[in-house]
$ cat input.cif   # mmCIF, N, CA and C atoms
data_input
loop_
_atom_site.label_atom_id
_atom_site.label_comp_id
_atom_site.auth_asym_id
_atom_site.auth_seq_id
_atom_site.Cartn_x
_atom_site.Cartn_y
_atom_site.Cartn_z
N MET A 1 -11.59 0.95 -25.14
CA MET A 1 -10.98 2.05 -24.43
C MET A 1 -9.50 1.73 -24.22
N GLY A 2 -8.63 2.65 -24.55
CA GLY A 2 -7.20 2.43 -24.43
C GLY A 2 -6.70 2.67 -23.02
N ILE A 3 -5.48 2.27 -22.78
CA ILE A 3 -4.85 2.48 -21.48
C ILE A 3 -4.45 3.95 -21.40
N SER A 4 -4.78 4.58 -20.27
CA SER A 4 -4.38 5.97 -20.10
C SER A 4 -3.19 6.03 -19.13
N TYR A 5 -2.26 6.89 -19.44
CA TYR A 5 -1.05 7.05 -18.64
C TYR A 5 -0.94 8.47 -18.13
N VAL A 6 -0.25 8.60 -17.01
CA VAL A 6 0.10 9.89 -16.45
C VAL A 6 1.59 9.83 -16.18
N GLU A 7 2.30 10.90 -16.48
CA GLU A 7 3.74 10.92 -16.24
C GLU A 7 4.08 11.99 -15.21
N PHE A 8 5.04 11.64 -14.30
CA PHE A 8 5.52 12.56 -13.28
C PHE A 8 7.03 12.58 -13.32
N GLU A 9 7.62 13.71 -12.96
CA GLU A 9 9.06 13.78 -12.78
C GLU A 9 9.33 13.68 -11.28
N ASP A 10 10.17 12.69 -10.88
CA ASP A 10 10.45 12.52 -9.45
C ASP A 10 11.50 13.52 -8.97
N ASP A 11 11.87 13.43 -7.69
CA ASP A 11 12.81 14.37 -7.09
C ASP A 11 14.18 14.34 -7.76
N ALA A 12 14.53 13.20 -8.36
CA ALA A 12 15.82 13.06 -9.03
C ALA A 12 15.76 13.49 -10.49
N GLY A 13 14.59 13.96 -10.94
CA GLY A 13 14.45 14.40 -12.32
C GLY A 13 14.13 13.28 -13.30
N ILE A 14 13.83 12.09 -12.78
CA ILE A 14 13.51 10.94 -13.63
C ILE A 14 12.01 10.94 -13.92
N LEU A 15 11.67 10.77 -15.19
CA LEU A 15 10.27 10.74 -15.60
C LEU A 15 9.69 9.36 -15.30
N ARG A 16 8.61 9.31 -14.52
CA ARG A 16 7.95 8.05 -14.14
C ARG A 16 6.58 7.99 -14.78
N ARG A 17 6.22 6.82 -15.29
CA ARG A 17 4.93 6.64 -15.94
C ARG A 17 4.03 5.78 -15.06
N TYR A 18 2.80 6.25 -14.89
CA TYR A 18 1.78 5.54 -14.11
C TYR A 18 0.57 5.28 -15.00
N ARG A 19 -0.10 4.14 -14.74
CA ARG A 19 -1.33 3.82 -15.45
C ARG A 19 -2.47 3.76 -14.43
N LYS A 20 -3.68 3.90 -14.90
CA LYS A 20 -4.83 3.82 -14.00
C LYS A 20 -5.20 2.36 -13.79
N HIS A 21 -5.33 1.98 -12.53
CA HIS A 21 -5.65 0.58 -12.19
C HIS A 21 -7.10 0.27 -12.56
N VAL A 22 -7.32 -0.93 -13.04
CA VAL A 22 -8.64 -1.36 -13.50
C VAL A 22 -9.69 -1.32 -12.40
N ASN A 23 -9.31 -1.54 -11.15
CA ASN A 23 -10.26 -1.59 -10.04
C ASN A 23 -10.04 -0.39 -9.12
N GLY A 24 -10.67 0.71 -9.44
CA GLY A 24 -10.57 1.91 -8.61
C GLY A 24 -9.96 3.10 -9.33
N ARG A 25 -9.18 2.85 -10.37
CA ARG A 25 -8.58 3.90 -11.19
C ARG A 25 -7.45 4.66 -10.52
N GLY A 26 -6.89 4.12 -9.43
CA GLY A 26 -5.72 4.74 -8.81
C GLY A 26 -4.50 4.62 -9.71
N LEU A 27 -3.47 5.38 -9.42
CA LEU A 27 -2.28 5.42 -10.27
C LEU A 27 -1.23 4.40 -9.83
N VAL A 28 -0.83 3.55 -10.78
CA VAL A 28 0.10 2.46 -10.53
C VAL A 28 1.27 2.60 -11.50
N ALA A 29 2.49 2.63 -10.98
CA ALA A 29 3.68 2.71 -11.84
C ALA A 29 3.70 1.51 -12.78
N THR A 30 4.20 1.71 -13.97
CA THR A 30 4.20 0.64 -14.96
C THR A 30 5.06 -0.54 -14.55
N THR A 31 6.00 -0.34 -13.62
CA THR A 31 6.84 -1.45 -13.16
C THR A 31 6.36 -2.04 -11.84
N ALA A 32 5.23 -1.58 -11.33
CA ALA A 32 4.64 -2.15 -10.11
C ALA A 32 3.72 -3.31 -10.50
N LYS A 33 3.48 -4.21 -9.53
CA LYS A 33 2.56 -5.34 -9.74
C LYS A 33 1.37 -5.16 -8.81
N VAL A 34 0.19 -4.96 -9.38
CA VAL A 34 -1.02 -4.82 -8.58
C VAL A 34 -2.05 -5.81 -9.12
N ASP A 35 -2.50 -6.70 -8.26
CA ASP A 35 -3.49 -7.70 -8.66
C ASP A 35 -4.78 -7.01 -9.09
N ALA A 36 -5.46 -7.58 -10.06
CA ALA A 36 -6.70 -7.00 -10.58
C ALA A 36 -7.80 -6.96 -9.53
N THR A 37 -7.73 -7.82 -8.49
CA THR A 37 -8.76 -7.83 -7.45
C THR A 37 -8.49 -6.81 -6.34
N ALA A 38 -7.32 -6.20 -6.35
CA ALA A 38 -7.01 -5.17 -5.36
C ALA A 38 -7.77 -3.90 -5.74
N PHE A 39 -8.18 -3.13 -4.73
CA PHE A 39 -8.83 -1.85 -4.99
C PHE A 39 -7.84 -0.74 -4.74
N VAL A 40 -7.65 0.12 -5.75
CA VAL A 40 -6.75 1.26 -5.64
C VAL A 40 -7.59 2.52 -5.88
N ASP A 41 -7.87 3.25 -4.80
CA ASP A 41 -8.69 4.46 -4.89
C ASP A 41 -8.11 5.41 -5.95
N PRO A 42 -8.96 6.19 -6.61
CA PRO A 42 -8.47 7.10 -7.66
C PRO A 42 -7.41 8.09 -7.17
N THR A 43 -7.32 8.33 -5.86
CA THR A 43 -6.32 9.27 -5.33
C THR A 43 -5.12 8.56 -4.72
N ALA A 44 -5.03 7.24 -4.87
CA ALA A 44 -3.92 6.46 -4.31
C ALA A 44 -2.82 6.27 -5.35
N TYR A 45 -1.59 6.04 -4.87
CA TYR A 45 -0.43 5.84 -5.74
C TYR A 45 0.31 4.57 -5.34
N VAL A 46 0.83 3.88 -6.36
CA VAL A 46 1.71 2.72 -6.15
C VAL A 46 2.96 2.99 -6.97
N ASP A 47 4.10 3.12 -6.29
CA ASP A 47 5.35 3.49 -6.94
C ASP A 47 6.06 2.31 -7.61
N PRO A 48 7.08 2.59 -8.42
CA PRO A 48 7.79 1.54 -9.17
C PRO A 48 8.30 0.41 -8.28
N GLY A 49 8.15 -0.82 -8.76
CA GLY A 49 8.66 -2.00 -8.09
C GLY A 49 7.82 -2.48 -6.93
N ALA A 50 6.79 -1.75 -6.56
CA ALA A 50 5.93 -2.15 -5.43
C ALA A 50 4.99 -3.26 -5.88
N GLU A 51 4.43 -3.97 -4.89
CA GLU A 51 3.50 -5.06 -5.18
C GLU A 51 2.30 -4.94 -4.25
N VAL A 52 1.11 -5.02 -4.83
CA VAL A 52 -0.13 -5.03 -4.07
C VAL A 52 -0.86 -6.31 -4.46
N GLN A 53 -1.10 -7.16 -3.48
CA GLN A 53 -1.61 -8.50 -3.76
C GLN A 53 -3.13 -8.57 -3.73
N ARG A 54 -3.61 -9.76 -4.00
CA ARG A 54 -5.04 -10.08 -4.14
C ARG A 54 -5.88 -9.55 -2.98
N GLY A 55 -6.95 -8.85 -3.32
CA GLY A 55 -7.92 -8.41 -2.33
C GLY A 55 -7.49 -7.26 -1.44
N ALA A 56 -6.32 -6.70 -1.64
CA ALA A 56 -5.85 -5.58 -0.82
C ALA A 56 -6.63 -4.32 -1.18
N THR A 57 -6.66 -3.38 -0.24
CA THR A 57 -7.37 -2.11 -0.45
C THR A 57 -6.44 -0.95 -0.15
N LEU A 58 -6.33 -0.04 -1.10
CA LEU A 58 -5.60 1.21 -0.90
C LEU A 58 -6.63 2.32 -0.89
N SER A 59 -6.82 2.94 0.25
CA SER A 59 -7.85 3.95 0.44
C SER A 59 -7.44 5.31 -0.12
N HIS A 60 -8.35 6.27 0.02
CA HIS A 60 -8.16 7.64 -0.47
C HIS A 60 -6.80 8.20 -0.02
N GLY A 61 -5.98 8.62 -0.97
CA GLY A 61 -4.71 9.25 -0.67
C GLY A 61 -3.61 8.32 -0.20
N ALA A 62 -3.84 7.01 -0.20
CA ALA A 62 -2.80 6.06 0.24
C ALA A 62 -1.63 6.10 -0.74
N TRP A 63 -0.44 5.85 -0.20
CA TRP A 63 0.76 5.88 -1.03
C TRP A 63 1.64 4.70 -0.66
N VAL A 64 1.93 3.85 -1.64
CA VAL A 64 2.81 2.70 -1.46
C VAL A 64 4.10 3.02 -2.22
N GLU A 65 5.17 3.20 -1.47
CA GLU A 65 6.43 3.62 -2.08
C GLU A 65 7.16 2.46 -2.76
N GLN A 66 8.23 2.80 -3.44
CA GLN A 66 9.02 1.88 -4.25
C GLN A 66 9.40 0.61 -3.48
N ASP A 67 9.20 -0.53 -4.15
CA ASP A 67 9.61 -1.86 -3.68
C ASP A 67 8.90 -2.33 -2.40
N ALA A 68 7.84 -1.65 -1.98
CA ALA A 68 7.06 -2.10 -0.82
C ALA A 68 6.09 -3.20 -1.24
N ILE A 69 5.61 -3.96 -0.28
CA ILE A 69 4.65 -5.03 -0.55
C ILE A 69 3.45 -4.85 0.38
N VAL A 70 2.26 -4.88 -0.21
CA VAL A 70 1.02 -4.91 0.55
C VAL A 70 0.41 -6.28 0.24
N ALA A 71 0.41 -7.15 1.24
CA ALA A 71 -0.01 -8.54 1.04
C ALA A 71 -1.52 -8.67 0.89
N GLU A 72 -1.95 -9.88 0.59
CA GLU A 72 -3.36 -10.12 0.29
C GLU A 72 -4.28 -9.71 1.44
N ASN A 73 -5.39 -9.10 1.04
CA ASN A 73 -6.45 -8.67 1.96
C ASN A 73 -6.01 -7.66 3.01
N ALA A 74 -4.88 -7.02 2.82
CA ALA A 74 -4.44 -5.96 3.73
C ALA A 74 -5.13 -4.65 3.32
N THR A 75 -5.19 -3.70 4.26
CA THR A 75 -5.80 -2.41 3.99
C THR A 75 -4.83 -1.30 4.37
N VAL A 76 -4.64 -0.36 3.46
CA VAL A 76 -3.86 0.84 3.74
C VAL A 76 -4.87 1.98 3.79
N GLY A 77 -5.00 2.62 4.96
CA GLY A 77 -6.05 3.59 5.21
C GLY A 77 -5.87 4.93 4.51
N VAL A 78 -6.82 5.80 4.77
CA VAL A 78 -6.87 7.14 4.18
C VAL A 78 -5.58 7.90 4.50
N ASN A 79 -4.94 8.41 3.45
CA ASN A 79 -3.72 9.20 3.55
C ASN A 79 -2.60 8.52 4.32
N ALA A 80 -2.60 7.19 4.35
CA ALA A 80 -1.52 6.44 5.00
C ALA A 80 -0.39 6.23 4.00
N ARG A 81 0.80 6.05 4.53
CA ARG A 81 1.98 5.90 3.66
C ARG A 81 2.76 4.65 4.06
N VAL A 82 3.11 3.86 3.05
CA VAL A 82 3.92 2.65 3.23
C VAL A 82 5.29 2.95 2.63
N GLY A 83 6.31 2.98 3.46
CA GLY A 83 7.65 3.38 3.04
C GLY A 83 8.33 2.39 2.11
N ARG A 84 9.38 2.87 1.51
CA ARG A 84 10.17 2.10 0.56
C ARG A 84 10.62 0.77 1.17
N GLY A 85 10.31 -0.33 0.47
CA GLY A 85 10.74 -1.65 0.89
C GLY A 85 10.01 -2.21 2.11
N ALA A 86 8.99 -1.53 2.59
CA ALA A 86 8.23 -2.01 3.75
C ALA A 86 7.32 -3.16 3.32
N VAL A 87 6.89 -3.98 4.29
CA VAL A 87 6.00 -5.11 4.01
C VAL A 87 4.80 -5.02 4.95
N ILE A 88 3.62 -5.02 4.37
CA ILE A 88 2.37 -5.04 5.12
C ILE A 88 1.82 -6.45 4.99
N GLY A 89 1.68 -7.16 6.10
CA GLY A 89 1.28 -8.57 6.08
C GLY A 89 -0.17 -8.79 5.69
N ARG A 90 -0.50 -10.07 5.48
CA ARG A 90 -1.87 -10.46 5.12
C ARG A 90 -2.86 -10.03 6.19
N PHE A 91 -3.99 -9.50 5.77
CA PHE A 91 -5.08 -9.07 6.65
C PHE A 91 -4.67 -7.97 7.63
N ALA A 92 -3.52 -7.35 7.43
CA ALA A 92 -3.09 -6.24 8.28
C ALA A 92 -3.84 -4.97 7.89
N VAL A 93 -3.91 -4.03 8.81
CA VAL A 93 -4.57 -2.75 8.57
C VAL A 93 -3.63 -1.63 8.99
N VAL A 94 -3.35 -0.74 8.06
CA VAL A 94 -2.59 0.47 8.36
C VAL A 94 -3.64 1.57 8.46
N GLY A 95 -3.81 2.12 9.66
CA GLY A 95 -4.87 3.08 9.91
C GLY A 95 -4.71 4.39 9.18
N PRO A 96 -5.77 5.21 9.20
CA PRO A 96 -5.73 6.50 8.53
C PRO A 96 -4.59 7.37 9.04
N TYR A 97 -3.92 8.04 8.13
CA TYR A 97 -2.84 9.00 8.43
C TYR A 97 -1.64 8.36 9.11
N ALA A 98 -1.55 7.04 9.09
CA ALA A 98 -0.41 6.34 9.69
C ALA A 98 0.74 6.28 8.68
N ALA A 99 1.93 6.03 9.18
CA ALA A 99 3.10 5.91 8.32
C ALA A 99 3.90 4.68 8.72
N VAL A 100 4.28 3.89 7.74
CA VAL A 100 5.13 2.72 7.95
C VAL A 100 6.47 3.06 7.32
N GLY A 101 7.51 3.11 8.11
CA GLY A 101 8.83 3.54 7.64
C GLY A 101 9.47 2.57 6.66
N ALA A 102 10.49 3.05 5.98
CA ALA A 102 11.23 2.25 5.01
C ALA A 102 11.75 0.97 5.65
N GLY A 103 11.55 -0.14 4.97
CA GLY A 103 12.04 -1.43 5.43
C GLY A 103 11.34 -2.00 6.65
N ALA A 104 10.29 -1.34 7.13
CA ALA A 104 9.56 -1.84 8.30
C ALA A 104 8.63 -2.98 7.89
N ARG A 105 8.17 -3.74 8.88
CA ARG A 105 7.26 -4.86 8.64
C ARG A 105 6.06 -4.76 9.58
N VAL A 106 4.88 -4.96 9.00
CA VAL A 106 3.66 -5.03 9.78
C VAL A 106 3.21 -6.49 9.69
N GLN A 107 3.18 -7.16 10.82
CA GLN A 107 2.89 -8.59 10.88
C GLN A 107 1.48 -8.90 10.35
N ASN A 108 1.29 -10.13 9.88
CA ASN A 108 -0.03 -10.58 9.42
C ASN A 108 -1.07 -10.28 10.49
N GLY A 109 -2.17 -9.67 10.08
CA GLY A 109 -3.29 -9.40 10.98
C GLY A 109 -3.12 -8.24 11.93
N ALA A 110 -1.96 -7.60 11.94
CA ALA A 110 -1.72 -6.49 12.87
C ALA A 110 -2.46 -5.23 12.42
N ARG A 111 -2.77 -4.37 13.38
CA ARG A 111 -3.40 -3.08 13.10
C ARG A 111 -2.47 -1.96 13.56
N VAL A 112 -2.14 -1.07 12.63
CA VAL A 112 -1.37 0.12 12.97
C VAL A 112 -2.40 1.21 13.25
N PRO A 113 -2.41 1.78 14.47
CA PRO A 113 -3.45 2.75 14.82
C PRO A 113 -3.38 4.04 13.98
N ARG A 114 -4.49 4.73 13.97
CA ARG A 114 -4.62 6.02 13.30
C ARG A 114 -3.48 6.95 13.72
N GLU A 115 -2.86 7.59 12.75
CA GLU A 115 -1.79 8.58 12.93
C GLU A 115 -0.53 8.04 13.59
N ALA A 116 -0.41 6.72 13.73
CA ALA A 116 0.78 6.12 14.33
C ALA A 116 1.91 6.03 13.30
N THR A 117 3.12 5.87 13.80
CA THR A 117 4.28 5.69 12.93
C THR A 117 5.01 4.42 13.33
N VAL A 118 5.27 3.56 12.35
CA VAL A 118 6.13 2.40 12.56
C VAL A 118 7.50 2.83 12.07
N PRO A 119 8.50 2.91 12.96
CA PRO A 119 9.81 3.43 12.57
C PRO A 119 10.49 2.60 11.48
N GLU A 120 11.37 3.24 10.79
CA GLU A 120 12.16 2.59 9.74
C GLU A 120 12.80 1.32 10.28
N GLY A 121 12.63 0.20 9.56
CA GLY A 121 13.24 -1.07 9.92
C GLY A 121 12.60 -1.81 11.07
N ALA A 122 11.57 -1.24 11.70
CA ALA A 122 10.93 -1.87 12.86
C ALA A 122 9.91 -2.92 12.43
N GLU A 123 9.46 -3.71 13.42
CA GLU A 123 8.39 -4.67 13.16
C GLU A 123 7.22 -4.35 14.08
N HIS A 124 6.04 -4.24 13.51
CA HIS A 124 4.82 -3.99 14.27
C HIS A 124 4.08 -5.31 14.38
N ARG A 125 3.93 -5.81 15.60
CA ARG A 125 3.34 -7.13 15.83
C ARG A 125 1.83 -7.04 16.06
N ALA A 126 1.15 -8.14 15.78
CA ALA A 126 -0.29 -8.24 16.02
C ALA A 126 -0.54 -8.41 17.51
N SER A 127 -1.54 -7.71 18.02
CA SER A 127 -1.94 -7.85 19.43
C SER A 127 -2.90 -9.02 19.56
N GLY A 128 -3.21 -9.39 20.79
CA GLY A 128 -4.21 -10.45 21.03
C GLY A 128 -5.55 -10.09 20.42
N ASP A 129 -5.94 -8.81 20.52
CA ASP A 129 -7.20 -8.35 19.93
C ASP A 129 -7.17 -8.51 18.41
N ASP A 130 -6.04 -8.18 17.79
CA ASP A 130 -5.90 -8.33 16.34
C ASP A 130 -6.11 -9.78 15.94
N LEU A 131 -5.48 -10.70 16.68
CA LEU A 131 -5.57 -12.12 16.35
C LEU A 131 -6.98 -12.67 16.60
N ARG A 132 -7.62 -12.20 17.67
CA ARG A 132 -9.02 -12.62 17.92
C ARG A 132 -9.94 -12.14 16.80
N ARG A 133 -9.71 -10.93 16.29
CA ARG A 133 -10.51 -10.38 15.20
C ARG A 133 -10.46 -11.31 13.98
N LEU A 134 -9.33 -11.95 13.79
CA LEU A 134 -9.15 -12.87 12.65
C LEU A 134 -9.49 -14.31 13.00
N GLY A 135 -9.91 -14.55 14.26
CA GLY A 135 -10.24 -15.90 14.67
C GLY A 135 -9.02 -16.78 14.89
N LEU A 136 -7.87 -16.17 15.18
CA LEU A 136 -6.62 -16.91 15.33
C LEU A 136 -6.19 -17.08 16.78
N ALA A 137 -6.94 -16.48 17.71
CA ALA A 137 -6.59 -16.61 19.12
C ALA A 137 -7.86 -16.90 19.92
N ALA A 138 -7.68 -17.52 21.07
CA ALA A 138 -8.84 -17.87 21.92
C ALA A 138 -9.38 -16.67 22.65
#

$ encode --input "input.cif" --output "structure tokens"
Amino acid sequence: MGISYVEFEDDAGILRRYRKHVNGRGLVATTAKVDATAFVDPTAYVDPGAEVQRGATLSHGAWVEQDAIVAENATVGVNARVGRGAVIGRFAVVGPYAAVGAGARVQNGARVPREATVPEGAEHRASGDDLRRLGLAA
């Protein structure tokens, strides 16, 4: 079976090519790096220059914008959006319908609540409950 591609024209009129990811069949830009063990739902997108690391999960409708990083074992929830250049830490969870602004950082193990917004350039820190969930706090 050959590689299948889909092409889109972006807002600037530039034609972008996406391929279907081996694990989940979501659309990944040809210049993005997505580990084979990451799950990319068929309705999820990973834009050019973005990186999705080992064991990460991109849920239904998730969108990882250009040059963003989703670290290992992180989860991006249903219809959640990770802004351009944002970083989602290891084991972090971006809840359903949440948005992480451009250049923002979600700390390792932190949980962004459902429908919450992490402002552009901000840092969302892990709470004590988040750290206990990972066995990192007493």

$ residues_around --input "input.cif" --residues "A:Ala86" --least-positions-apart "3" --cutoff "5 Å" --atoms "all atoms listed in the file" --output "PyMOL selection string"
chain A and resi 68-69+83+102-104

$ write_last_selection --input "input.cif" --atoms "N, CA and C atoms" --output "mmCIF file, in the coordinates of the input"
data_model
loop_
_atom_site.group_PDB
_atom_site.id
_atom_site.type_symbol
_atom_site.label_atom_id
_atom_site.label_comp_id
_atom_site.auth_asym_id
_atom_site.auth_seq_id
_atom_site.Cartn_x
_atom_site.Cartn_y
_atom_site.Cartn_z
ATOM 1 N N ALA A 68 7.840 -1.650 -1.980
ATOM 2 C CA ALA A 68 7.060 -2.100 -0.820
ATOM 3 C C ALA A 68 6.090 -3.200 -1.240
ATOM 4 N N ILE A 69 5.610 -3.960 -0.280
ATOM 5 C CA ILE A 69 4.650 -5.030 -0.550
ATOM 6 C C ILE A 69 3.450 -4.850 0.380
ATOM 7 N N GLY A 83 6.310 2.980 3.460
ATOM 8 C CA GLY A 83 7.650 3.380 3.040
ATOM 9 C C GLY A 83 8.330 2.390 2.110
ATOM 10 N N ALA A 102 10.490 3.050 5.980
ATOM 11 C CA ALA A 102 11.230 2.250 5.010
ATOM 12 C C ALA A 102 11.750 0.970 5.650
ATOM 13 N N GLY A 103 11.550 -0.140 4.970
ATOM 14 C CA GLY A 103 12.040 -1.430 5.430
ATOM 15 C C GLY A 103 11.340 -2.000 6.650
ATOM 16 N N ALA A 104 10.290 -1.340 7.130
ATOM 17 C CA ALA A 104 9.560 -1.840 8.300
ATOM 18 C C ALA A 104 8.630 -2.980 7.890
#

$ atom_distance --input "input.cif" --atom1 "atom CA of A:Glu120" --atom2 "atom CA of A:Tyr45"
20.2 Å

$ resolve_selection --input "input.cif" --expression "the PyMOL selection byres ((chain A and resi 43) around 6)" --output "list of chain:residue names"
A:Arg25, A:Gly26, A:Leu27, A:Val40, A:Asp41, A:Pro42, A:Ala44, A:Tyr45, A:His60, A:Gly61, A:Ala62

$ residues_around --input "input.cif" --residues "stretch 108-119 of chain A" --least-positions-apart "6" --cutoff "5 Å" --atoms "only N, CA and C atoms" --output "JSON, numbers by chain"
{"A": [89, 90, 91, 92, 93, 94, 95, 96, 97, 98, 99, 100, 101, 125, 126]}

$ residues_around --input "input.cif" --residues "A:Asn73" --least-positions-apart "2" --cutoff "5 Å" --atoms "only N, CA and C atoms" --output "list in words"
Arg54, Gly55, Ala56, Ala71, Thr75 and Phe91 of chain A

$ atom_distance --input "input.cif" --atom1 "atom CA of A:Val78" --atom2 "atom CA of A:Gly128"
24.5 Å

$ select_by_dssp --input "input.cif" --residues "chain A" --states "strand (DSSP E or B)" --output "number ranges by chain"
A: 5-9, 15-20, 27-29, 33-34, 39-40, 45-46, 51-52, 57-58, 63-64, 69-70, 75-76, 81-82, 87-88, 93-94, 99-100, 105-106, 111-112, 117-118, 123-124

$ resolve_selection --input "input.cif" --expression "the PyMOL selection byres ((chain A and resi 52) around 5)" --output "PDB file with N, CA and C atoms, keeping the file's coordinate frame"
ATOM      1  N   LYS A  33       3.480  -4.210  -9.530  1.00  0.00           N
ATOM      2  CA  LYS A  33       2.560  -5.340  -9.740  1.00  0.00           C
ATOM      3  C   LYS A  33       1.370  -5.160  -8.810  1.00  0.00           C
ATOM      4  N   VAL A  34       0.190  -4.960  -9.380  1.00  0.00           N
ATOM      5  CA  VAL A  34      -1.020  -4.820  -8.580  1.00  0.00           C
ATOM      6  C   VAL A  34      -2.050  -5.810  -9.120  1.00  0.00           C
ATOM      7  N   ASP A  35      -2.500  -6.700  -8.260  1.00  0.00           N
ATOM      8  CA  ASP A  35      -3.490  -7.700  -8.660  1.00  0.00           C
ATOM      9  C   ASP A  35      -4.780  -7.010  -9.090  1.00  0.00           C
ATOM     10  N   ALA A  50       6.790  -1.750  -6.560  1.00  0.00           N
ATOM     11  CA  ALA A  50       5.930  -2.150  -5.430  1.00  0.00           C
ATOM     12  C   ALA A  50       4.990  -3.260  -5.880  1.00  0.00           C
ATOM     13  N   GLU A  51       4.430  -3.970  -4.890  1.00  0.00           N
ATOM     14  CA  GLU A  51       3.500  -5.060  -5.180  1.00  0.00           C
ATOM     15  C   GLU A  51       2.300  -4.940  -4.250  1.00  0.00           C
ATOM     16  N   GLN A  53      -1.100  -7.160  -3.480  1.00  0.00           N
ATOM     17  CA  GLN A  53      -1.610  -8.500  -3.760  1.00  0.00           C
ATOM     18  C   GLN A  53      -3.130  -8.570  -3.730  1.00  0.00           C
ATOM     19  N   ARG A  54      -3.610  -9.760  -4.000  1.00  0.00           N
ATOM     20  CA  ARG A  54      -5.040 -10.080  -4.140  1.00  0.00           C
ATOM     21  C   ARG A  54      -5.880  -9.550  -2.980  1.00  0.00           C
ATOM     22  N   VAL A  70       2.260  -4.880  -0.210  1.00  0.00           N
ATOM     23  CA  VAL A  70       1.020  -4.910   0.550  1.00  0.00           C
ATOM     24  C   VAL A  70       0.410  -6.280   0.240  1.00  0.00           C
TER      25      VAL A  70
END

$ select_by_dssp --input "input.cif" --residues "chain A" --states "alpha helix (DSSP H)" --output "PDB file with N, CA and C atoms, in the coordinates of the input"
ATOM      1  N   GLY A 128      -3.210  -9.390  20.790  1.00  0.00           N
ATOM      2  CA  GLY A 128      -4.210 -10.450  21.030  1.00  0.00           C
ATOM      3  C   GLY A 128      -5.550 -10.090  20.420  1.00  0.00           C
ATOM      4  N   ASP A 129      -5.940  -8.810  20.520  1.00  0.00           N
ATOM      5  CA  ASP A 129      -7.200  -8.350  19.930  1.00  0.00           C
ATOM      6  C   ASP A 129      -7.170  -8.510  18.410  1.00  0.00           C
ATOM      7  N   ASP A 130      -6.040  -8.180  17.790  1.00  0.00           N
ATOM      8  CA  ASP A 130      -5.900  -8.330  16.340  1.00  0.00           C
ATOM      9  C   ASP A 130      -6.110  -9.780  15.940  1.00  0.00           C
ATOM     10  N   LEU A 131      -5.480 -10.700  16.680  1.00  0.00           N
ATOM     11  CA  LEU A 131      -5.570 -12.120  16.350  1.00  0.00           C
ATOM     12  C   LEU A 131      -6.980 -12.670  16.600  1.00  0.00           C
ATOM     13  N   ARG A 132      -7.620 -12.200  17.670  1.00  0.00           N
ATOM     14  CA  ARG A 132      -9.020 -12.620  17.920  1.00  0.00           C
ATOM     15  C   ARG A 132      -9.940 -12.140  16.800  1.00  0.00           C
ATOM     16  N   ARG A 133      -9.710 -10.930  16.290  1.00  0.00           N
ATOM     17  CA  ARG A 133     -10.510 -10.380  15.200  1.00  0.00           C
ATOM     18  C   ARG A 133     -10.460 -11.310  13.980  1.00  0.00           C
TER      19      ARG A 133
END

$ closest_residue --input "input.cif" --among "A:Gln107, A:Ser127, A:Gln66, A:Asn79" --to "A:Ala29" --atoms "only C-alpha atoms"
A:Gln66

$ atom_distance --input "input.cif" --atom1 "atom CA of A:Arg17" --atom2 "atom CA of A:Pro48"
8.9 Å

$ closest_residue --input "input.cif" --among "A:Ala12, A:Val82, A:Ile88, A:Val46" --to "A:Ala32" --atoms "only C-alpha atoms"
A:Val46

$ closest_residue --input "input.cif" --among "A:Val64, A:Ile14, A:Val28, A:Ala122" --to "A:Arg105" --atoms "only C-alpha atoms"
A:Ala122

$ decode --input "input.cif" --residues "stretch 109-119 of chain A" --atoms "N, CA and C atoms" --output "PDB file, in the first residue's frame"
ATOM      1  N   GLY A 109       3.525  16.827  33.328  1.00  0.00           N
ATOM      2  CA  GLY A 109       2.521  16.304  34.236  1.00  0.00           C
ATOM      3  C   GLY A 109       1.343  17.210  34.522  1.00  0.00           C
ATOM      4  N   ALA A 110       1.343  18.425  34.002  1.00  0.00           N
ATOM      5  CA  ALA A 110       0.253  19.367  34.279  1.00  0.00           C
ATOM      6  C   ALA A 110      -1.003  18.997  33.491  1.00  0.00           C
ATOM      7  N   ARG A 111      -2.152  19.390  34.026  1.00  0.00           N
ATOM      8  CA  ARG A 111      -3.434  19.180  33.356  1.00  0.00           C
ATOM      9  C   ARG A 111      -4.067  20.535  33.068  1.00  0.00           C
ATOM     10  N   VAL A 112      -4.375  20.772  31.798  1.00  0.00           N
ATOM     11  CA  VAL A 112      -5.118  21.968  31.409  1.00  0.00           C
ATOM     12  C   VAL A 112      -6.589  21.565  31.400  1.00  0.00           C
ATOM     13  N   PRO A 113      -7.427  22.215  32.222  1.00  0.00           N
ATOM     14  CA  PRO A 113      -8.829  21.796  32.326  1.00  0.00           C
ATOM     15  C   PRO A 113      -9.616  21.967  31.023  1.00  0.00           C
ATOM     16  N   ARG A 114     -10.705  21.249  30.950  1.00  0.00           N
ATOM     17  CA  ARG A 114     -11.639  21.325  29.830  1.00  0.00           C
ATOM     18  C   ARG A 114     -12.009  22.779  29.548  1.00  0.00           C
ATOM     19  N   GLU A 115     -11.958  23.157  28.281  1.00  0.00           N
ATOM     20  CA  GLU A 115     -12.345  24.481  27.777  1.00  0.00           C
ATOM     21  C   GLU A 115     -11.502  25.637  28.316  1.00  0.00           C
ATOM     22  N   ALA A 116     -10.387  25.333  28.985  1.00  0.00           N
ATOM     23  CA  ALA A 116      -9.516  26.389  29.513  1.00  0.00           C
ATOM     24  C   ALA A 116      -8.606  26.920  28.404  1.00  0.00           C
ATOM     25  N   THR A 117      -8.055  28.103  28.647  1.00  0.00           N
ATOM     26  CA  THR A 117      -7.110  28.700  27.711  1.00  0.00           C
ATOM     27  C   THR A 117      -5.829  29.042  28.456  1.00  0.00           C
ATOM     28  N   VAL A 118      -4.700  28.600  27.914  1.00  0.00           N
ATOM     29  CA  VAL A 118      -3.392  29.014  28.420  1.00  0.00           C
ATOM     30  C   VAL A 118      -2.968  30.156  27.503  1.00  0.00           C
ATOM     31  N   PRO A 119      -2.836  31.378  28.034  1.00  0.00           N
ATOM     32  CA  PRO A 119      -2.544  32.529  27.180  1.00  0.00           C
ATOM     33  C   PRO A 119      -1.202  32.412  26.440  1.00  0.00           C
TER      34      PRO A 119
END
